[in-house]
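A.B. asks: This one is coords.cif, mmCIF, C-alpha atoms and all ligand atoms.
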data_data
loop_
_atom_site.label_atom_id
_atom_site.label_comp_id
_atom_site.auth_asym_id
_atom_site.auth_seq_id
_atom_site.Cartn_x
_atom_site.Cartn_y
_atom_site.Cartn_z
CA MET A 186 12.44 -11.06 17.30
CA LYS A 187 12.26 -12.44 13.75
CA VAL A 188 10.20 -10.46 11.27
CA LEU A 189 9.26 -11.47 7.74
CA VAL A 190 8.25 -8.86 5.16
CA THR A 191 6.67 -10.03 1.91
CA GLY A 192 7.13 -7.54 -0.90
CA ILE A 193 10.22 -6.07 0.77
CA THR A 194 11.55 -4.76 -2.56
CA GLY A 195 8.42 -2.67 -3.13
CA PHE A 196 7.54 0.84 -2.05
CA VAL A 197 5.97 0.10 1.35
CA GLY A 198 8.19 -2.96 1.90
CA SER A 199 11.39 -0.93 1.63
CA HIS A 200 10.13 1.66 4.13
CA MET A 201 8.94 -1.15 6.42
CA ALA A 202 12.41 -2.68 6.32
CA GLU A 203 14.03 0.63 7.27
CA PHE A 204 11.58 1.07 10.14
CA LEU A 205 12.14 -2.48 11.40
CA LEU A 206 15.92 -2.17 11.39
CA ASP A 207 15.49 0.82 13.74
CA GLN A 208 13.50 -1.46 16.08
CA GLN A 209 16.50 -3.81 16.37
CA VAL A 210 14.70 -6.88 15.03
CA GLU A 211 15.94 -9.51 12.58
CA VAL A 212 14.49 -8.73 9.15
CA THR A 213 13.94 -11.26 6.38
CA GLY A 214 12.25 -10.35 3.12
CA THR A 215 10.95 -12.34 0.18
CA ILE A 216 12.17 -11.69 -3.33
CA ARG A 217 11.59 -13.32 -6.70
CA GLN A 218 14.26 -14.07 -9.23
CA ARG A 219 13.30 -11.06 -11.31
CA SER A 220 12.88 -8.64 -8.38
CA ARG A 221 14.63 -5.27 -8.69
CA LEU A 222 16.59 -4.48 -5.55
CA ASP A 223 17.00 -0.70 -6.10
CA HIS A 224 14.81 0.28 -3.13
CA ILE A 225 16.63 -1.88 -0.59
CA LYS A 226 20.21 -1.95 -1.78
CA HIS A 227 21.20 0.56 0.94
CA LEU A 228 19.97 -1.83 3.66
CA LYS A 229 22.85 -4.10 4.58
CA ASP A 230 21.34 -5.91 7.56
CA ILE A 231 18.37 -7.60 5.94
CA ARG A 232 18.22 -11.18 4.77
CA LEU A 233 16.59 -11.93 1.42
CA VAL A 234 15.01 -15.29 0.62
CA GLU A 235 13.85 -16.22 -2.85
CA CYS A 236 10.21 -17.27 -2.63
CA GLU A 237 7.34 -17.42 -5.10
CA LEU A 238 4.37 -16.65 -2.86
CA ARG A 239 1.92 -18.17 -5.35
CA ASP A 240 3.61 -21.53 -4.91
CA PRO A 241 2.53 -23.35 -1.71
CA PHE A 242 5.73 -25.41 -1.58
CA SER A 243 7.90 -22.34 -1.82
CA VAL A 244 5.96 -20.65 0.99
CA GLU A 245 6.08 -23.75 3.18
CA SER A 246 9.88 -23.88 2.91
CA LEU A 247 10.06 -20.17 3.68
CA ILE A 248 8.03 -20.46 6.89
CA GLU A 249 9.84 -23.65 7.89
CA GLU A 250 13.20 -21.92 7.46
CA VAL A 251 12.46 -18.46 8.91
CA LYS A 252 9.90 -19.34 11.63
CA PRO A 253 8.99 -15.65 11.95
CA ASP A 254 7.39 -14.10 15.04
CA LEU A 255 5.74 -11.43 12.89
CA ILE A 256 4.77 -11.22 9.23
CA PHE A 257 3.96 -8.01 7.37
CA HIS A 258 2.21 -9.22 4.24
CA LEU A 259 2.72 -6.37 1.80
CA ALA A 260 3.32 -8.23 -1.47
CA ALA A 261 0.49 -7.74 -3.97
CA GLN A 262 -0.45 -6.57 -7.42
CA SER A 263 -1.44 -3.13 -6.14
CA PHE A 264 -2.10 -0.95 -9.20
CA VAL A 265 -5.83 -0.59 -9.83
CA PRO A 266 -5.72 -0.16 -13.67
CA THR A 267 -3.62 -3.33 -14.10
CA SER A 268 -6.43 -5.24 -12.46
CA TRP A 269 -8.78 -4.38 -15.32
CA ASN A 270 -6.25 -5.53 -17.90
CA SER A 271 -5.60 -8.80 -16.12
CA PRO A 272 -8.34 -9.32 -13.53
CA MET A 273 -7.76 -13.01 -13.01
CA ASP A 274 -4.04 -12.57 -12.50
CA THR A 275 -4.58 -9.85 -9.88
CA ILE A 276 -7.15 -11.90 -8.01
CA TYR A 277 -5.15 -15.12 -8.23
CA ASN A 278 -1.89 -13.44 -7.24
CA ASN A 279 -3.27 -11.55 -4.26
CA VAL A 280 -5.50 -14.33 -2.95
CA SER A 281 -3.30 -17.38 -3.52
CA SER A 282 -0.24 -15.75 -1.93
CA GLN A 283 -2.19 -15.10 1.20
CA VAL A 284 -3.80 -18.52 1.41
CA ASN A 285 -0.34 -20.07 1.03
CA ILE A 286 1.00 -17.95 3.90
CA PHE A 287 -1.97 -18.76 6.14
CA GLU A 288 -1.78 -22.48 5.42
CA ALA A 289 1.96 -22.64 6.04
CA VAL A 290 1.72 -20.59 9.24
CA ARG A 291 -1.17 -22.58 10.69
CA ARG A 292 0.58 -25.88 10.02
CA ILE A 293 4.17 -24.98 10.89
CA HIS A 294 4.25 -21.94 13.15
CA PRO A 295 0.76 -20.99 14.40
CA ASP A 296 1.89 -18.47 17.03
CA CYS A 297 3.15 -16.05 14.40
CA LYS A 298 1.33 -12.69 14.26
CA ILE A 299 0.34 -11.47 10.79
CA GLN A 300 -0.61 -8.05 9.44
CA ILE A 301 -2.51 -8.03 6.17
CA ALA A 302 -2.36 -4.93 3.96
CA CYS A 303 -5.98 -4.44 2.92
CA SER A 304 -7.24 -1.30 1.19
CA SER A 305 -9.70 1.58 1.29
CA GLU A 306 -10.44 0.63 -2.33
CA GLU A 307 -12.64 -2.07 -0.77
CA TYR A 308 -15.19 0.64 0.08
CA GLY A 309 -15.52 1.47 -3.63
CA HIS A 310 -18.73 3.39 -4.18
CA VAL A 311 -19.35 5.63 -1.18
CA GLU A 312 -22.51 7.71 -0.67
CA PRO A 313 -21.98 11.42 0.20
CA HIS A 314 -23.45 10.95 3.69
CA GLU A 315 -21.05 8.06 4.44
CA VAL A 316 -17.88 10.16 4.83
CA PRO A 317 -15.65 10.09 6.78
CA ILE A 318 -15.81 6.34 6.18
CA LYS A 319 -15.92 4.03 9.17
CA GLU A 320 -15.00 0.34 9.17
CA THR A 321 -18.72 -0.49 9.40
CA ASN A 322 -19.44 1.06 5.97
CA PRO A 323 -20.72 -1.36 3.30
CA LEU A 324 -18.04 -2.60 0.90
CA ARG A 325 -19.01 -1.86 -2.73
CA PRO A 326 -15.77 -2.62 -4.63
CA LEU A 327 -15.39 -1.08 -8.10
CA SER A 328 -12.35 -2.91 -9.51
CA PRO A 329 -10.95 -6.45 -9.63
CA TYR A 330 -8.13 -5.15 -7.40
CA ALA A 331 -10.69 -4.05 -4.81
CA VAL A 332 -12.39 -7.46 -4.99
CA SER A 333 -9.02 -9.15 -4.40
CA LYS A 334 -8.51 -7.01 -1.28
CA VAL A 335 -12.02 -7.76 0.02
CA THR A 336 -11.19 -11.45 -0.44
CA GLN A 337 -7.86 -11.09 1.37
CA GLU A 338 -9.62 -9.41 4.24
CA VAL A 339 -12.42 -11.95 4.53
CA LEU A 340 -9.84 -14.74 4.44
CA GLY A 341 -8.05 -13.04 7.34
CA TYR A 342 -11.26 -13.03 9.31
CA GLN A 343 -11.97 -16.65 8.44
CA TYR A 344 -8.50 -17.97 9.36
CA ASN A 345 -8.72 -16.12 12.64
CA LYS A 346 -12.11 -17.64 13.46
CA SER A 347 -11.38 -21.12 12.11
CA TYR A 348 -7.86 -21.66 13.42
CA GLY A 349 -7.24 -18.83 15.89
CA LEU A 350 -4.47 -17.33 13.73
CA HIS A 351 -3.38 -13.92 14.98
CA VAL A 352 -4.31 -11.76 12.00
CA VAL A 353 -4.75 -7.97 12.04
CA LEU A 354 -6.39 -6.38 9.02
CA THR A 355 -5.41 -2.84 8.06
CA ARG A 356 -7.64 -1.04 5.55
CA THR A 357 -5.14 1.56 4.41
CA PHE A 358 -6.14 4.67 2.48
CA ASN A 359 -3.80 6.16 -0.16
CA HIS A 360 -0.20 6.55 0.87
CA THR A 361 2.79 8.02 -0.84
CA GLY A 362 6.32 9.30 -0.39
CA PRO A 363 9.80 8.73 -1.81
CA ARG A 364 10.12 5.54 -3.90
CA ARG A 365 6.40 5.44 -4.74
CA GLY A 366 5.94 3.42 -7.97
CA GLU A 367 5.79 5.70 -11.00
CA ASN A 368 2.32 4.55 -12.06
CA PHE A 369 0.56 5.92 -8.99
CA VAL A 370 -0.84 9.41 -9.27
CA THR A 371 1.37 11.46 -6.92
CA SER A 372 4.52 9.77 -8.17
CA ASN A 373 3.51 9.91 -11.81
CA PHE A 374 2.85 13.65 -11.69
CA SER A 375 6.07 14.26 -9.71
CA LYS A 376 8.12 12.23 -12.14
CA GLN A 377 6.66 14.11 -15.10
CA ILE A 378 7.46 17.47 -13.44
CA ALA A 379 11.04 16.36 -12.68
CA GLU A 380 11.52 15.16 -16.28
CA ILE A 381 10.13 18.44 -17.64
CA GLU A 382 12.51 20.38 -15.37
CA LYS A 383 15.42 18.33 -16.70
CA GLY A 384 14.30 18.91 -20.30
CA LYS A 385 13.69 15.18 -20.82
CA GLN A 386 9.95 15.67 -21.55
CA PRO A 387 8.21 18.56 -23.37
CA PRO A 388 6.38 20.86 -20.90
CA VAL A 389 3.10 18.96 -21.09
CA LEU A 390 1.89 16.94 -18.09
CA TYR A 391 -0.59 14.13 -18.83
CA VAL A 392 -3.37 13.36 -16.36
CA GLY A 393 -6.42 11.16 -15.87
CA ASN A 394 -9.50 11.90 -13.75
CA LEU A 395 -8.71 14.99 -11.67
CA GLN A 396 -12.08 15.08 -9.92
CA ALA A 397 -11.61 12.03 -7.66
CA LYS A 398 -10.84 12.72 -3.99
CA ARG A 399 -8.31 10.74 -1.99
CA ASP A 400 -7.06 10.64 1.60
CA PHE A 401 -3.23 10.57 1.59
CA THR A 402 -0.86 9.58 4.38
CA ASP A 403 2.94 9.50 4.29
CA VAL A 404 4.33 5.97 3.86
CA ARG A 405 6.62 6.51 6.87
CA ASP A 406 3.54 7.03 9.05
CA ILE A 407 1.95 3.97 7.48
CA VAL A 408 4.75 1.55 8.36
CA ARG A 409 4.69 2.81 11.95
CA ALA A 410 0.94 2.11 11.94
CA TYR A 411 1.53 -1.47 10.73
CA TRP A 412 3.98 -2.10 13.54
CA LEU A 413 1.46 -0.83 16.11
CA ALA A 414 -1.33 -2.80 14.44
CA VAL A 415 0.42 -6.14 14.71
CA HIS A 416 1.40 -5.51 18.34
CA HIS A 417 -1.70 -3.82 19.73
CA GLY A 418 -4.49 -4.58 17.24
CA VAL A 419 -7.16 -7.12 18.17
CA SER A 420 -6.83 -10.33 16.23
CA GLY A 421 -9.46 -10.73 13.50
CA GLU A 422 -10.32 -7.00 13.59
CA THR A 423 -10.15 -4.49 10.74
CA TYR A 424 -8.77 -0.97 11.19
CA ASN A 425 -8.88 2.05 8.89
CA ILE A 426 -5.52 3.77 8.53
CA ALA A 427 -5.99 7.23 7.06
CA SER A 428 -5.19 10.90 7.56
CA GLY A 429 -8.80 12.00 7.98
CA THR A 430 -8.39 14.68 5.26
CA CYS A 431 -9.00 14.32 1.56
CA TRP A 432 -7.84 16.22 -1.52
CA ARG A 433 -9.23 16.40 -5.02
CA ILE A 434 -6.54 15.02 -7.39
CA GLU A 435 -6.62 18.41 -9.12
CA GLU A 436 -5.58 20.03 -5.81
CA VAL A 437 -2.74 17.52 -5.45
CA LEU A 438 -1.59 18.39 -8.97
CA ASN A 439 -1.69 22.11 -8.17
CA LYS A 440 0.34 21.59 -5.01
CA LEU A 441 3.01 19.76 -7.02
CA LEU A 442 2.99 22.35 -9.82
CA ALA A 443 3.44 25.08 -7.19
CA LEU A 444 6.69 23.37 -6.09
CA SER A 445 8.17 23.92 -9.55
CA SER A 446 9.06 27.15 -11.33
CA VAL A 447 8.66 25.69 -14.83
CA ASP A 448 5.59 26.57 -16.98
CA ILE A 449 3.64 23.37 -17.58
CA GLU A 450 0.55 22.68 -19.69
CA VAL A 451 -1.84 20.04 -18.28
CA LYS A 452 -3.54 17.67 -20.76
CA GLU A 453 -6.03 14.86 -20.21
CA ASP A 454 -4.86 11.50 -21.53
CA PRO A 455 -8.03 9.42 -22.21
CA GLN A 456 -5.99 6.23 -21.65
CA ARG A 457 -5.63 7.23 -18.01
CA LEU A 458 -9.39 7.21 -17.39
CA ARG A 459 -10.78 4.09 -15.67
CA PRO A 460 -13.93 2.05 -16.43
CA SER A 461 -15.12 3.11 -12.97
CA ASP A 462 -13.24 5.31 -10.54
CA VAL A 463 -13.84 5.56 -6.82
CA GLU A 464 -15.11 9.14 -6.39
CA ILE A 465 -14.16 9.79 -2.82
CA LEU A 466 -12.12 8.11 -0.12
CA LEU A 467 -11.96 9.93 3.21
CA GLY A 468 -11.23 7.77 6.22
CA ASP A 469 -12.18 7.84 9.87
CA TYR A 470 -9.22 6.32 11.74
CA SER A 471 -10.59 6.83 15.28
CA LYS A 472 -10.95 3.07 15.95
CA PHE A 473 -7.26 2.54 15.22
CA HIS A 474 -6.26 5.64 17.18
CA LYS A 475 -8.19 4.41 20.24
CA GLN A 476 -6.58 0.99 20.02
CA THR A 477 -2.97 2.04 19.38
CA GLY A 478 -2.59 5.80 19.92
CA TRP A 479 -1.43 6.19 16.28
CA LYS A 480 -1.98 9.37 14.37
CA PRO A 481 -0.31 10.63 11.21
CA GLU A 482 2.60 13.02 11.83
CA ILE A 483 4.10 14.02 8.49
CA PRO A 484 2.16 16.84 6.72
CA PHE A 485 1.04 16.10 3.16
CA ASP A 486 2.94 19.10 1.77
CA GLN A 487 6.17 17.68 3.20
CA THR A 488 5.44 14.28 1.67
CA LEU A 489 4.89 15.83 -1.75
CA LYS A 490 8.13 17.83 -1.47
CA ASP A 491 10.08 14.71 -0.54
CA LEU A 492 8.51 12.78 -3.42
CA LEU A 493 9.28 15.47 -6.00
CA ASN A 494 12.85 15.74 -4.71
CA TYR A 495 13.16 11.96 -4.94
CA TRP A 496 12.32 12.15 -8.67
CA ARG A 497 14.59 15.16 -9.17
CA ALA A 498 17.47 13.09 -7.74
CA GLN A 499 16.90 10.16 -10.13
CA PRO A 500 19.41 9.93 -13.03
N1 LIG B 1 -2.42 6.52 -11.49
C1 LIG B 1 -2.96 7.66 -11.95
N2 LIG B 1 -2.37 8.31 -13.01
N3 LIG B 1 -4.08 8.10 -11.38
C2 LIG B 1 -4.60 9.26 -11.82
C3 LIG B 1 -4.04 9.99 -12.87
C4 LIG B 1 -2.88 9.49 -13.51
O1 LIG B 1 -2.33 10.06 -14.46
N4 LIG B 1 -4.80 11.11 -13.08
C5 LIG B 1 -5.78 11.06 -12.18
N5 LIG B 1 -5.70 9.94 -11.42
C6 LIG B 1 -6.62 9.54 -10.35
C7 LIG B 1 -7.12 8.10 -10.44
O2 LIG B 1 -8.19 8.02 -11.41
C8 LIG B 1 -7.58 7.90 -9.00
O3 LIG B 1 -8.86 8.48 -8.82
C9 LIG B 1 -6.57 8.71 -8.18
O4 LIG B 1 -5.91 9.57 -9.11
C10 LIG B 1 -5.53 7.89 -7.45
O5 LIG B 1 -4.98 6.94 -8.34
P1 LIG B 1 -3.74 5.99 -7.92
O6 LIG B 1 -2.60 6.78 -7.42
O7 LIG B 1 -3.48 5.09 -9.08
O8 LIG B 1 -4.28 5.19 -6.64
P2 LIG B 1 -5.68 4.45 -6.32
O9 LIG B 1 -6.48 5.39 -5.47
O10 LIG B 1 -6.29 3.90 -7.54
O11 LIG B 1 -5.18 3.21 -5.45
C11 LIG B 1 -4.15 3.39 -4.47
O12 LIG B 1 -4.69 3.50 -3.19
C12 LIG B 1 -5.30 2.34 -2.67
C13 LIG B 1 -5.81 2.69 -1.28
O13 LIG B 1 -6.97 3.44 -1.43
C14 LIG B 1 -3.19 2.21 -4.59
O14 LIG B 1 -2.04 2.50 -3.82
C15 LIG B 1 -3.81 0.94 -4.07
O15 LIG B 1 -2.85 -0.11 -4.07
C16 LIG B 1 -4.30 1.19 -2.65
O16 LIG B 1 -4.90 0.04 -2.13
#
Reformat the file's structure so that it appears as structure tokens.

C.D. replies:
Amino acid sequence: MKVLVTGITGFVGSHMAEFLLDQQVEVTGTIRQRSRLDHIKHLKDIRLVECELRDPFSVESLIEEVKPDLIFHLAAQSFVPTSWNSPMDTIYNNVSSQVNIFEAVRRIHPDCKIQIACSSEEYGHVEPHEVPIKETNPLRPLSPYAVSKVTQEVLGYQYNKSYGLHVVLTRTFNHTGPRRGENFVTSNFSKQIAEIEKGKQPPVLYVGNLQAKRDFTDVRDIVRAYWLAVHHGVSGETYNIASGTCWRIEEVLNKLLALSSVDIEVKEDPQRLRPSDVEILLGDYSKFHKQTGWKPEIPFDQTLKDLLNYWRAQP
């Protein structure tokens, strides 16, 4: 079986590649000229193809050459604050890459099955009585990133209905673990703690909005979910992937601080506050569980330990 992973050099992509190699499939991943390969340099059996996903010609050659049986489309501009600084770039990047993949697949290799990494950010504003959030909840996106993900999802639905493409849409809630990008909250706090422990940063940890609540799953559970989604999910359908538990960011911070013996002062950095923050994300994943049998297995405390140890091990 030939599997293509877009965004293979990224956080989820690198874990996806590890998971796929254990399934004994042929793994190809897309990279760009400036891609950093740190997260995948230990993986010897993957093939890397240079491809600019925003360029339809580049994507057409990729699909022509690889003719994948499965695609995990993970490449995206995925950091919410960046989407306020450059909204058009986020929307263009995330939407055009996907349209290019769909167009190339439908013309060249229409039997390919595709998983699209959508996001719980699409729910945006959620009323207190709407949690845990089901797939049927209204989408009220609160950032350009969220709008780009709504668009990706609706395009998935449309290409399935218009051309019969096999597309499964996963609305994934927050996920973390080793190799998480340093901008994202769990990784950012862990990195700061590790730097303070090493004496590289004064003992002050900077934070943004600690009152938001998020539903975290370990990335290693997430990639297993994507595999099940593409094999057992119904084409054109959307599935929540979540842990079903949520934590206030302040509680996450306290869990991380409790893993360290250093005395740390916590300070709000106004630059870290967003024009609008999603207050609560707590997912109901029962639809996905019924369809695939998936449930998260790695406890959140273990994930946080692994993440902090990852940062401690960085030079
Ligand atoms: N990044 C960051 N840095 N966030 C902070 C900080 C900080 O110093 N302090 C508090 N927060 C709060 C944010 O305001 C937000 O409410 C929450 O922590 C989580 O922020 P992120 O880790 O940046 O993730 P996100 O929830 O905005 O988006 C992530 O999850 C989505 C799925 O719901 C990303 O991974 C998205 O790509 C993903 O789609």

A.B. asks: Which of these residues is nearest to A:Asp454, using only C-alpha atoms: A:Gln476, A:Asn425, A:Leu390, A:Gly195?

C.D. replies: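 Once distances to A:Asp454 are computed over only C-alpha atoms, the minimum belongs to A:Leu390.
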
A.B. asks: When you look at A:Arg292 with a cut-off of 12 Å (counting all atoms listed in the file), what residues show up, excluding the ones that are within fewer than 4 positions of it in the same chain? I need them as a PyMOL selection string.

C.D. replies: chain A and resi 244-246+248-249+252+285-288+296-297+348+350

A.B. asks: Once you have the residues from the selection above, write them out as a PDB file, in the coordinates of the input, restricted to C-alpha atoms.

C.D. replies:
ATOM      1  CA  VAL A 244       5.960 -20.650   0.990  1.00  0.00           C
ATOM      2  CA  GLU A 245       6.080 -23.750   3.180  1.00  0.00           C
ATOM      3  CA  SER A 246       9.880 -23.880   2.910  1.00  0.00           C
ATOM      4  CA  ILE A 248       8.030 -20.460   6.890  1.00  0.00           C
ATOM      5  CA  GLU A 249       9.840 -23.650   7.890  1.00  0.00           C
ATOM      6  CA  LYS A 252       9.900 -19.340  11.630  1.00  0.00           C
ATOM      7  CA  ASN A 285      -0.340 -20.070   1.030  1.00  0.00           C
ATOM      8  CA  ILE A 286       1.000 -17.950   3.900  1.00  0.00           C
ATOM      9  CA  PHE A 287      -1.970 -18.760   6.140  1.00  0.00           C
ATOM     10  CA  GLU A 288      -1.780 -22.480   5.420  1.00  0.00           C
ATOM     11  CA  ASP A 296       1.890 -18.470  17.030  1.00  0.00           C
ATOM     12  CA  CYS A 297       3.150 -16.050  14.400  1.00  0.00           C
ATOM     13  CA  TYR A 348      -7.860 -21.660  13.420  1.00  0.00           C
ATOM     14  CA  LEU A 350      -4.470 -17.330  13.730  1.00  0.00           C
TER      15      LEU A 350
END

A.B. asks: Step by step, measure atom-to-atom distances between ligand LIG 1 (chain B) and each residue using all atoms listed in the file, keep those at most 7 Å, then write them as a PDB file with C-alpha atoms, in the frame of the given file.

C.D. replies:
ATOM      1  CA  SER A 263      -1.440  -3.130  -6.140  1.00  0.00           C
ATOM      2  CA  PHE A 264      -2.100  -0.950  -9.200  1.00  0.00           C
ATOM      3  CA  VAL A 265      -5.830  -0.590  -9.830  1.00  0.00           C
ATOM      4  CA  CYS A 303      -5.980  -4.440   2.920  1.00  0.00           C
ATOM      5  CA  SER A 304      -7.240  -1.300   1.190  1.00  0.00           C
ATOM      6  CA  SER A 305      -9.700   1.580   1.290  1.00  0.00           C
ATOM      7  CA  GLU A 306     -10.440   0.630  -2.330  1.00  0.00           C
ATOM      8  CA  THR A 357      -5.140   1.560   4.410  1.00  0.00           C
ATOM      9  CA  PHE A 358      -6.140   4.670   2.480  1.00  0.00           C
ATOM     10  CA  ASN A 359      -3.800   6.160  -0.160  1.00  0.00           C
ATOM     11  CA  HIS A 360      -0.200   6.550   0.870  1.00  0.00           C
ATOM     12  CA  ASN A 368       2.320   4.550 -12.060  1.00  0.00           C
ATOM     13  CA  PHE A 369       0.560   5.920  -8.990  1.00  0.00           C
ATOM     14  CA  VAL A 370      -0.840   9.410  -9.270  1.00  0.00           C
ATOM     15  CA  THR A 371       1.370  11.460  -6.920  1.00  0.00           C
ATOM     16  CA  ASN A 373       3.510   9.910 -11.810  1.00  0.00           C
ATOM     17  CA  PHE A 374       2.850  13.650 -11.690  1.00  0.00           C
ATOM     18  CA  TYR A 391      -0.590  14.130 -18.830  1.00  0.00           C
ATOM     19  CA  VAL A 392      -3.370  13.360 -16.360  1.00  0.00           C
ATOM     20  CA  GLY A 393      -6.420  11.160 -15.870  1.00  0.00           C
ATOM     21  CA  ASN A 394      -9.500  11.900 -13.750  1.00  0.00           C
ATOM     22  CA  LEU A 395      -8.710  14.990 -11.670  1.00  0.00           C
ATOM     23  CA  ALA A 397     -11.610  12.030  -7.660  1.00  0.00           C
ATOM     24  CA  LYS A 398     -10.840  12.720  -3.990  1.00  0.00           C
ATOM     25  CA  ARG A 399      -8.310  10.740  -1.990  1.00  0.00           C
ATOM     26  CA  ILE A 434      -6.540  15.020  -7.390  1.00  0.00           C
ATOM     27  CA  ARG A 457      -5.630   7.230 -18.010  1.00  0.00           C
ATOM     28  CA  LEU A 458      -9.390   7.210 -17.390  1.00  0.00           C
ATOM     29  CA  ARG A 459     -10.780   4.090 -15.670  1.00  0.00           C
ATOM     30  CA  ASP A 462     -13.240   5.310 -10.540  1.00  0.00           C
ATOM     31  CA  VAL A 463     -13.840   5.560  -6.820  1.00  0.00           C
ATOM     32  CA  GLU A 464     -15.110   9.140  -6.390  1.00  0.00           C
TER      33      GLU A 464
END

A.B. asks: For atom CA of A:Leu444 and atom CA of A:Lys490, determine how far apart the two atoms are, in Å to one decimal place.

C.D. replies: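 Atom CA of A:Lys490 lies 7.4 Å from atom CA of A:Leu444.
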
A.B. asks: Measuring atom to atom with only C-alpha atoms, identify which of A:Glu320, A:Asp254, A:Glu307, A:Glu211 is nearest to A:His294.

C.D. replies: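 For A:His294, the nearest of the candidates is A:Asp254.
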
A.B. asks: For A:Thr267, work out the shell of residues within 12 Å, counting only C-alpha atoms and skipping chain neighbours fewer than 3 positions away, then give it as a list in words.

C.D. replies: Ala261, Gln262, Ser263, Phe264, Asn270, Ser271, Pro272, Met273, Asp274, Thr275, Ile276, Ser328, Pro329, Tyr330, Ala331, Asn368, Phe369, Arg457, Arg459 and Pro460 of chain A

A.B. asks: Just give me the residues with any atom within 9 Å of (-10.4, 8.5, 4.4), file coordinates, counting all atoms listed in the file, written as number ranges by chain.

C.D. replies: A: 305, 316-319, 357-359, 399-401, 425-431, 465-470

A.B. asks: Please list as a PyMOL selection string every residue within 9 Å of A:Ile256, counting only C-alpha atoms and excluding residues in the same chain fewer than 2 positions away.

C.D. replies: chain A and resi 187-191+253-254+258+297-301+415

A.B. asks: Would you write out those residues with C-alpha atoms, as an mmCIF file, keeping the file's coordinate frame?

C.D. replies:
data_model
loop_
_atom_site.group_PDB
_atom_site.id
_atom_site.type_symbol
_atom_site.label_atom_id
_atom_site.label_comp_id
_atom_site.auth_asym_id
_atom_site.auth_seq_id
_atom_site.Cartn_x
_atom_site.Cartn_y
_atom_site.Cartn_z
ATOM 1 C CA LYS A 187 12.260 -12.440 13.750
ATOM 2 C CA VAL A 188 10.200 -10.460 11.270
ATOM 3 C CA LEU A 189 9.260 -11.470 7.740
ATOM 4 C CA VAL A 190 8.250 -8.860 5.160
ATOM 5 C CA THR A 191 6.670 -10.030 1.910
ATOM 6 C CA PRO A 253 8.990 -15.650 11.950
ATOM 7 C CA ASP A 254 7.390 -14.100 15.040
ATOM 8 C CA HIS A 258 2.210 -9.220 4.240
ATOM 9 C CA CYS A 297 3.150 -16.050 14.400
ATOM 10 C CA LYS A 298 1.330 -12.690 14.260
ATOM 11 C CA ILE A 299 0.340 -11.470 10.790
ATOM 12 C CA GLN A 300 -0.610 -8.050 9.440
ATOM 13 C CA ILE A 301 -2.510 -8.030 6.170
ATOM 14 C CA VAL A 415 0.420 -6.140 14.710
#

A.B. asks: Expressed in Å to a single decimal, how great is the separation between atom CA of A:Pro481 and atom CA of A:Gln208?

C.D. replies: 19.0 Å

A.B. asks: Counting all atoms listed in the file, which of A:Ser243, A:Thr402, A:Ser333, A:Ser282 gets nearest to A:Trp269?

C.D. replies: A:Ser333
